[in-house]
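Engineer: I am sharing start.tsv, which consists of TSV, C-alpha atoms:
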```
chain	number	residue	atom	x	y	z
A	1	GLY	CA	0.00	0.00	0.00
A	2	GLU	CA	0.91	3.66	0.04
A	3	SER	CA	3.39	4.93	2.57
A	4	VAL	CA	4.34	8.49	3.11
A	5	GLY	CA	6.51	9.04	6.12
A	6	LEU	CA	8.59	11.69	7.76
A	7	HIS	CA	12.06	11.26	9.16
A	8	LEU	CA	11.58	13.49	12.20
A	9	PRO	CA	8.34	13.97	14.08
A	10	THR	CA	9.52	17.20	15.78
A	11	LEU	CA	11.94	19.93	14.84
A	12	SER	CA	13.04	22.98	16.83
A	13	VAL	CA	14.94	25.81	15.20
A	14	GLN	CA	16.13	29.23	16.23
A	15	GLU	CA	14.37	32.18	14.69
A	16	GLY	CA	16.25	33.29	11.61
A	17	ASP	CA	17.79	29.89	10.93
A	18	ASN	CA	16.83	27.75	7.96
A	19	SER	CA	14.57	24.72	8.49
A	20	ILE	CA	14.58	21.49	6.55
A	21	ILE	CA	11.69	19.05	6.83
A	22	ASN	CA	12.02	15.68	5.15
A	23	CYS	CA	9.54	13.21	3.76
A	24	ALA	CA	9.90	9.75	2.25
A	25	TYR	CA	7.43	8.07	-0.04
A	26	SER	CA	7.27	4.54	-1.33
A	27	ASN	CA	5.25	4.65	-4.54
A	28	SER	CA	7.41	5.13	-7.59
A	29	ALA	CA	4.25	6.11	-9.49
A	30	SER	CA	3.82	9.20	-7.32
A	31	ASP	CA	3.32	12.06	-9.70
A	32	TYR	CA	2.45	15.15	-7.72
A	33	PHE	CA	3.55	16.29	-4.29
A	34	ILE	CA	2.30	18.98	-1.97
A	35	TRP	CA	3.53	20.44	1.29
A	36	TYR	CA	0.90	21.65	3.71
A	37	LYS	CA	1.16	23.70	6.88
A	38	GLN	CA	-1.36	23.10	9.65
A	39	GLU	CA	-1.69	25.46	12.57
A	40	SER	CA	-3.45	24.40	15.71
A	41	GLY	CA	-7.21	24.19	15.26
A	42	LYS	CA	-7.11	24.91	11.54
A	43	GLY	CA	-7.24	22.93	8.35
A	44	PRO	CA	-4.07	22.33	6.33
A	45	GLN	CA	-2.90	25.23	4.22
A	46	PHE	CA	-1.12	24.80	0.90
A	47	ILE	CA	2.51	25.88	0.89
A	48	ILE	CA	4.08	24.63	-2.31
A	49	ASP	CA	3.76	21.81	-4.79
A	50	ILE	CA	5.99	20.02	-7.25
A	51	ARG	CA	5.38	17.60	-10.08
A	52	SER	CA	7.48	14.57	-10.77
A	53	ASN	CA	9.06	16.10	-13.88
A	54	MET	CA	10.84	18.65	-11.67
A	55	ASP	CA	13.45	18.27	-8.96
A	56	LYS	CA	13.27	21.72	-7.40
A	57	ARG	CA	10.73	24.45	-7.02
A	58	GLN	CA	10.99	27.71	-5.14
A	59	GLY	CA	8.39	29.88	-3.53
A	60	GLN	CA	8.52	32.74	-1.14
A	61	ARG	CA	11.05	31.66	1.52
A	62	VAL	CA	10.31	28.02	0.74
A	63	THR	CA	11.96	25.52	-1.56
A	64	VAL	CA	10.84	21.98	-2.27
A	65	LEU	CA	13.35	19.41	-3.46
A	66	LEU	CA	12.34	16.12	-5.03
A	67	ASN	CA	14.71	13.19	-5.38
A	68	LYS	CA	12.88	10.51	-7.29
A	69	THR	CA	15.83	8.12	-7.20
A	70	VAL	CA	15.54	7.68	-3.45
A	71	LYS	CA	11.87	8.72	-3.22
A	72	HIS	CA	12.58	11.65	-0.97
A	73	LEU	CA	10.98	15.06	-0.67
A	74	SER	CA	12.13	17.97	1.44
A	75	LEU	CA	10.83	21.38	2.37
A	76	GLN	CA	13.31	24.11	3.12
A	77	ILE	CA	12.16	27.24	4.92
A	78	ALA	CA	14.57	30.16	4.83
A	79	ALA	CA	14.94	32.57	7.75
A	80	THR	CA	12.39	30.73	9.85
A	81	GLN	CA	10.00	32.96	11.74
A	82	PRO	CA	7.81	32.32	14.80
A	83	GLY	CA	4.78	32.30	12.53
A	84	ASP	CA	6.22	29.26	10.80
A	85	SER	CA	5.59	27.17	13.91
A	86	ALA	CA	3.08	24.51	12.86
A	87	VAL	CA	2.80	20.91	11.75
A	88	TYR	CA	3.99	20.31	8.21
A	89	PHE	CA	2.62	17.49	6.09
A	90	CYS	CA	3.76	16.14	2.80
A	91	ALA	CA	1.17	14.58	0.54
A	92	GLU	CA	1.46	12.72	-2.73
A	93	THR	CA	-0.79	11.38	-5.38
A	94	PRO	CA	0.11	8.74	-7.94
A	95	ASN	CA	-0.49	9.06	-11.64
A	96	THR	CA	-2.69	5.99	-11.33
A	97	GLY	CA	-5.41	7.61	-9.25
A	98	ASN	CA	-6.76	10.69	-7.60
A	99	GLN	CA	-6.28	9.89	-3.93
A	100	PHE	CA	-3.84	11.88	-1.84
A	101	TYR	CA	-1.72	10.17	0.77
A	102	PHE	CA	-0.51	12.20	3.69
A	103	GLY	CA	2.44	11.69	5.98
A	104	THR	CA	2.19	11.77	9.76
A	105	GLY	CA	3.53	15.31	9.97
A	106	THR	CA	6.49	17.12	11.48
A	107	SER	CA	5.91	19.61	14.25
A	108	LEU	CA	8.12	22.65	13.74
A	109	THR	CA	8.78	24.91	16.70
A	110	VAL	CA	10.57	28.20	16.16
A	111	ILE	CA	12.44	29.47	19.19
A	112	PRO	CA	12.50	33.28	19.39
B	1	GLY	CA	-14.63	34.32	-2.87
B	2	ALA	CA	-15.31	32.24	0.20
B	3	GLY	CA	-13.18	29.26	1.02
B	4	VAL	CA	-14.31	25.81	2.04
B	5	SER	CA	-16.66	25.90	4.98
B	6	GLN	CA	-17.70	23.11	7.30
B	7	SER	CA	-20.39	22.78	9.91
B	8	PRO	CA	-20.68	22.28	12.74
B	9	SER	CA	-17.24	23.27	13.95
B	10	ASN	CA	-17.65	21.05	16.99
B	11	LYS	CA	-19.97	18.15	17.65
B	12	VAL	CA	-20.32	16.14	20.83
B	13	THR	CA	-22.50	13.08	20.58
B	14	GLU	CA	-23.31	10.02	22.58
B	15	LYS	CA	-22.12	6.62	21.49
B	16	GLY	CA	-24.65	4.98	19.22
B	17	LYS	CA	-26.11	8.20	17.84
B	18	ASP	CA	-25.91	9.21	14.18
B	19	VAL	CA	-24.15	12.40	13.12
B	20	GLU	CA	-24.13	14.39	9.92
B	21	LEU	CA	-21.28	16.67	8.94
B	22	ARG	CA	-21.55	19.25	6.21
B	23	CYS	CA	-19.06	20.68	3.74
B	24	ASP	CA	-19.52	23.62	1.37
B	25	PRO	CA	-16.76	23.55	-1.26
B	26	ILE	CA	-15.36	26.45	-3.22
B	27	SER	CA	-17.67	27.36	-6.07
B	28	GLY	CA	-16.49	25.82	-9.34
B	29	HIS	CA	-14.46	23.08	-7.72
B	30	THR	CA	-15.52	19.77	-9.16
B	31	ALA	CA	-13.64	17.56	-6.72
B	32	LEU	CA	-14.41	17.19	-3.04
B	33	TYR	CA	-12.50	15.08	-0.51
B	34	TRP	CA	-13.22	13.96	3.04
B	35	TYR	CA	-10.43	13.11	5.46
B	36	ARG	CA	-10.26	12.03	9.07
B	37	GLN	CA	-7.51	13.29	11.35
B	38	ARG	CA	-7.02	11.69	14.73
B	39	LEU	CA	-5.19	13.63	17.41
B	40	GLY	CA	-1.52	14.04	16.57
B	41	GLN	CA	-1.80	12.07	13.37
B	42	GLY	CA	-1.86	12.67	9.67
B	43	LEU	CA	-4.84	12.82	7.39
B	44	GLU	CA	-6.64	9.60	6.55
B	45	PHE	CA	-8.45	9.60	3.21
B	46	LEU	CA	-12.11	8.64	3.43
B	47	ILE	CA	-13.87	9.42	0.15
B	48	TYR	CA	-13.74	11.74	-2.82
B	49	PHE	CA	-16.23	12.98	-5.39
B	50	GLN	CA	-15.39	14.14	-8.90
B	51	GLY	CA	-18.21	15.84	-10.75
B	52	ASN	CA	-20.99	13.40	-11.51
B	53	SER	CA	-18.73	10.34	-11.50
B	54	ALA	CA	-19.21	7.58	-8.97
B	55	PRO	CA	-17.38	8.52	-5.77
B	56	ASP	CA	-14.24	6.70	-4.65
B	57	LYS	CA	-15.33	5.22	-1.33
B	58	SER	CA	-12.28	3.07	-0.83
B	59	GLY	CA	-11.17	4.91	2.32
B	60	LEU	CA	-14.38	4.59	4.29
B	61	PRO	CA	-13.49	2.53	7.40
B	62	SER	CA	-16.83	0.75	7.78
B	63	ASP	CA	-20.36	0.65	6.44
B	64	ARG	CA	-21.37	3.03	9.23
B	65	PHE	CA	-19.75	5.78	7.18
B	66	SER	CA	-21.40	7.22	4.10
B	67	ALA	CA	-21.25	10.44	2.15
B	68	GLU	CA	-23.30	12.20	-0.45
B	69	ARG	CA	-22.77	15.13	-2.73
B	70	THR	CA	-25.36	16.93	-4.77
B	71	GLY	CA	-23.82	17.80	-8.13
B	72	GLU	CA	-20.80	19.98	-7.52
B	73	SER	CA	-22.08	21.58	-4.35
B	74	VAL	CA	-22.62	20.64	-0.75
B	75	SER	CA	-21.50	17.31	0.64
B	76	THR	CA	-22.58	15.55	3.81
B	77	LEU	CA	-20.66	12.87	5.67
B	78	THR	CA	-22.87	10.66	7.82
B	79	ILE	CA	-21.64	8.41	10.59
B	80	GLN	CA	-24.22	6.00	11.92
B	81	ARG	CA	-24.14	4.39	15.36
B	82	THR	CA	-21.09	6.40	16.36
B	83	GLN	CA	-18.32	4.74	18.34
B	84	GLN	CA	-15.68	6.33	20.53
B	85	GLU	CA	-12.99	5.54	17.99
B	86	ASP	CA	-14.84	7.82	15.56
B	87	SER	CA	-13.71	10.80	17.64
B	88	ALA	CA	-11.49	12.89	15.39
B	89	VAL	CA	-11.41	16.02	13.27
B	90	TYR	CA	-13.14	15.51	9.96
B	91	LEU	CA	-11.69	17.67	7.20
B	92	CYS	CA	-13.17	18.48	3.86
B	93	ALA	CA	-11.19	19.76	0.89
B	94	SER	CA	-12.10	20.81	-2.61
B	95	SER	CA	-10.06	21.21	-5.75
B	96	PHE	CA	-10.59	22.30	-9.32
B	97	LEU	CA	-10.29	18.70	-10.46
B	98	ALA	CA	-9.48	15.46	-8.70
B	99	GLY	CA	-5.89	14.34	-8.78
B	100	ALA	CA	-2.83	16.51	-9.19
B	101	TYR	CA	-4.39	19.79	-8.19
B	102	GLU	CA	-4.08	21.84	-5.03
B	103	GLN	CA	-6.67	20.99	-2.41
B	104	TYR	CA	-8.20	23.75	-0.34
B	105	PHE	CA	-9.19	22.65	3.13
B	106	GLY	CA	-11.98	23.70	5.40
B	107	PRO	CA	-11.42	24.27	9.13
B	108	GLY	CA	-12.77	20.84	10.01
B	109	THR	CA	-15.42	19.47	12.33
B	110	ARG	CA	-14.18	18.19	15.66
B	111	LEU	CA	-16.29	15.16	16.57
B	112	THR	CA	-16.27	13.83	20.11
B	113	VAL	CA	-18.14	10.64	20.89
B	114	THR	CA	-18.78	10.15	24.60
```
Could you quickly redo this structure as structure tokens?
Structural biologist:
Amino acid sequence: GESVGLHLPTLSVQEGDNSIINCAYSNSASDYFIWYKQESGKGPQFIIDIRSNMDKRQGQRVTVLLNKTVKHLSLQIAATQPGDSAVYFCAETPNTGNQFYFGTGTSLTVIP
Amino acid sequence: GAGVSQSPSNKVTEKGKDVELRCDPISGHTALYWYRQRLGQGLEFLIYFQGNSAPDKSGLPSDRFSAERTGESVSTLTIQRTQQEDSAVYLCASSFLAGAYEQYFGPGTRLTVT
């Protein structure tokens, strides 16, 4: 079955430092990947996405890297701010269907 | 325009009762997804609807769970004879199309079964 997992369940970083959140997936047919941010009591919020024909995509202060060889996805947040404190989920969908599979999440805490 | 809305925001029910959760997707979004999120865990896919196609119910955990959607509008998730293990946040998301498109999430309904 599908498996989307995260290497670290919690991450603490100093304000201003860069954060890296990792995600592993098992389905080689995974075609589209999304990173979501979920603050306490709210639904997940889209951060950035990447398709399998790319290996890097940049947004505002965020970069997603995709390594299809080892089935690994990472989210890099530059100059982490207190407002970045949240749980971050990766999600993927295969080109064989329309379901999304979510990882367990990494809780990011930014220390002022 | 408005985002995805869900109601109620919180629901406390007694074991054995039926509950109905509602989701209003973003106008024009043909795909609608339901997820369950237990405390401290990731999102568990339940069901999705795409336009007028038959829904993908493969994630529903038991026959006590059902969902309906009228066209490309409101969806309701019904849980019959609720059990304590049904306690979770139920999230709804909509997207332009099913599959490789960004999903927009509602705030969720927190269900507590006592």
Engineer: Could you list, as a ChimeraX atom specification, every residue within 10 Å of Pro55 (chain B), counting all atoms listed in the file and ignoring same-chain residues fewer than 5 positions away?
Structural biologist: /B:31-33,47-50,67-69
Engineer: Since we have the selection now, will you write its residues out, keeping C-alpha atoms, as a short mmCIF file (atom, residue, chain, number, x, y, z; two decimals), keeping the file's coordinate frame?
Structural biologist:
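Saved file part11.cif follows:
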```cif
data_model
loop_
_atom_site.label_atom_id
_atom_site.label_comp_id
_atom_site.auth_asym_id
_atom_site.auth_seq_id
_atom_site.Cartn_x
_atom_site.Cartn_y
_atom_site.Cartn_z
CA ALA B 31 -13.64 17.56 -6.72
CA LEU B 32 -14.41 17.19 -3.04
CA TYR B 33 -12.50 15.08 -0.51
CA ILE B 47 -13.87 9.42 0.15
CA TYR B 48 -13.74 11.74 -2.82
CA PHE B 49 -16.23 12.98 -5.39
CA GLN B 50 -15.39 14.14 -8.90
CA ALA B 67 -21.25 10.44 2.15
CA GLU B 68 -23.30 12.20 -0.45
CA ARG B 69 -22.77 15.13 -2.73
#
```
Engineer: Could you work out which residues of chain A fall inside 12 Å of chain B? Count all atoms listed in the file, and format the result as an MDAnalysis selection string.
Structural biologist: chainID A and resid 2:6 9:10 30:52 87:107
Engineer: Residues of the last selection are to be written out with C-alpha atoms, as a compact mmCIF listing (two decimals), in the coordinates of the input.
Structural biologist:
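Saved result, part30.txt, follows:
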```txt
# COMPACT_ATOMS: atom_id res chain seq x y z
CA GLU A 2 0.91 3.66 0.04
CA SER A 3 3.39 4.93 2.57
CA VAL A 4 4.34 8.49 3.11
CA GLY A 5 6.51 9.04 6.12
CA LEU A 6 8.59 11.69 7.76
CA PRO A 9 8.34 13.97 14.08
CA THR A 10 9.52 17.20 15.78
CA SER A 30 3.82 9.20 -7.32
CA ASP A 31 3.32 12.06 -9.70
CA TYR A 32 2.45 15.15 -7.72
CA PHE A 33 3.55 16.29 -4.29
CA ILE A 34 2.30 18.98 -1.97
CA TRP A 35 3.53 20.44 1.29
CA TYR A 36 0.90 21.65 3.71
CA LYS A 37 1.16 23.70 6.88
CA GLN A 38 -1.36 23.10 9.65
CA GLU A 39 -1.69 25.46 12.57
CA SER A 40 -3.45 24.40 15.71
CA GLY A 41 -7.21 24.19 15.26
CA LYS A 42 -7.11 24.91 11.54
CA GLY A 43 -7.24 22.93 8.35
CA PRO A 44 -4.07 22.33 6.33
CA GLN A 45 -2.90 25.23 4.22
CA PHE A 46 -1.12 24.80 0.90
CA ILE A 47 2.51 25.88 0.89
CA ILE A 48 4.08 24.63 -2.31
CA ASP A 49 3.76 21.81 -4.79
CA ILE A 50 5.99 20.02 -7.25
CA ARG A 51 5.38 17.60 -10.08
CA SER A 52 7.48 14.57 -10.77
CA VAL A 87 2.80 20.91 11.75
CA TYR A 88 3.99 20.31 8.21
CA PHE A 89 2.62 17.49 6.09
CA CYS A 90 3.76 16.14 2.80
CA ALA A 91 1.17 14.58 0.54
CA GLU A 92 1.46 12.72 -2.73
CA THR A 93 -0.79 11.38 -5.38
CA PRO A 94 0.11 8.74 -7.94
CA ASN A 95 -0.49 9.06 -11.64
CA THR A 96 -2.69 5.99 -11.33
CA GLY A 97 -5.41 7.61 -9.25
CA ASN A 98 -6.76 10.69 -7.60
CA GLN A 99 -6.28 9.89 -3.93
CA PHE A 100 -3.84 11.88 -1.84
CA TYR A 101 -1.72 10.17 0.77
CA PHE A 102 -0.51 12.20 3.69
CA GLY A 103 2.44 11.69 5.98
CA THR A 104 2.19 11.77 9.76
CA GLY A 105 3.53 15.31 9.97
CA THR A 106 6.49 17.12 11.48
CA SER A 107 5.91 19.61 14.25
```
Engineer: Rank nothing, just name the residue among B:Leu21, B:Ile26, B:Ala54, B:Leu39 nearest to Thr78 (chain B), using only C-alpha atoms.
Structural biologist: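 When distances to Thr78 (chain B) are compared using only C-alpha atoms, the smallest one comes from B:Leu21.
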Engineer: So that I can see what lies close to Glu72 (chain B), please list as an MDAnalysis selection string the residues with an atom at most 8 Å from it, counting all atoms listed in the file and leaving out residues fewer than 4 positions away in the same chain.
Structural biologist: chainID B and resid 28:31 51:52
Engineer: May I have the centre and edge lengths, in Å to one decimal, of an axis-aligned box around the listed atoms of region 104-113 of chain B with 5 Å added to every side, as JSON?
Structural biologist:
```
{"center_x": -13.2, "center_y": 17.5, "center_z": 10.3, "size_x": 19.9, "size_y": 23.6, "size_z": 31.2}
```
Engineer: So how far away is CA of Arg81 (chain B) from CA of Lys15 (chain B), in Å?
Structural biologist: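 Here the two named atoms are 6.8 Å from each other.
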Engineer: Please write as an MDAnalysis selection string the list of polymer residues whose atoms come within 6 Å of (-22.2, 8.4, 7.6), counting all atoms listed in the file and keeping to the coordinates of the file.
Structural biologist: chainID B and resid 64:67 77:80
Engineer: Restricting it to C-alpha atoms, dump the selection as a PDB file, keeping the file's coordinate frame.
Structural biologist:
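Listing of part-v1.pdb after writing:
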```pdb
ATOM      1  CA  ARG B  64     -21.370   3.030   9.230  1.00  0.00           C
ATOM      2  CA  PHE B  65     -19.750   5.780   7.180  1.00  0.00           C
ATOM      3  CA  SER B  66     -21.400   7.220   4.100  1.00  0.00           C
ATOM      4  CA  ALA B  67     -21.250  10.440   2.150  1.00  0.00           C
ATOM      5  CA  LEU B  77     -20.660  12.870   5.670  1.00  0.00           C
ATOM      6  CA  THR B  78     -22.870  10.660   7.820  1.00  0.00           C
ATOM      7  CA  ILE B  79     -21.640   8.410  10.590  1.00  0.00           C
ATOM      8  CA  GLN B  80     -24.220   6.000  11.920  1.00  0.00           C
TER       9      GLN B  80
END
```
Engineer: To one decimal place in Å, what is the distance between CA of Ile77 (chain A) and CA of Ile20 (chain A)?
Structural biologist: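 Distance reported for this atom pair: 6.4 Å.
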Engineer: Do a neighbour search on region 67-76 of chain A at 8 Å with all atoms listed in the file, toss out local chain neighbours closer than 6 positions, and write the hits as a list in words.
Structural biologist: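 Listed by chain and then number, they are Asn18, Ser19, Ile20, Ile21, Asn22, Cys23, Ala24, Tyr25, Ser26, Asn27, Ser28, Trp35, Ser52 and Asp55 of chain A.
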Engineer: One decimal, in Å: what's the spacing between CA of Arg38 (chain B) and CA of Thr80 (chain A)?
Structural biologist: 27.6 Å
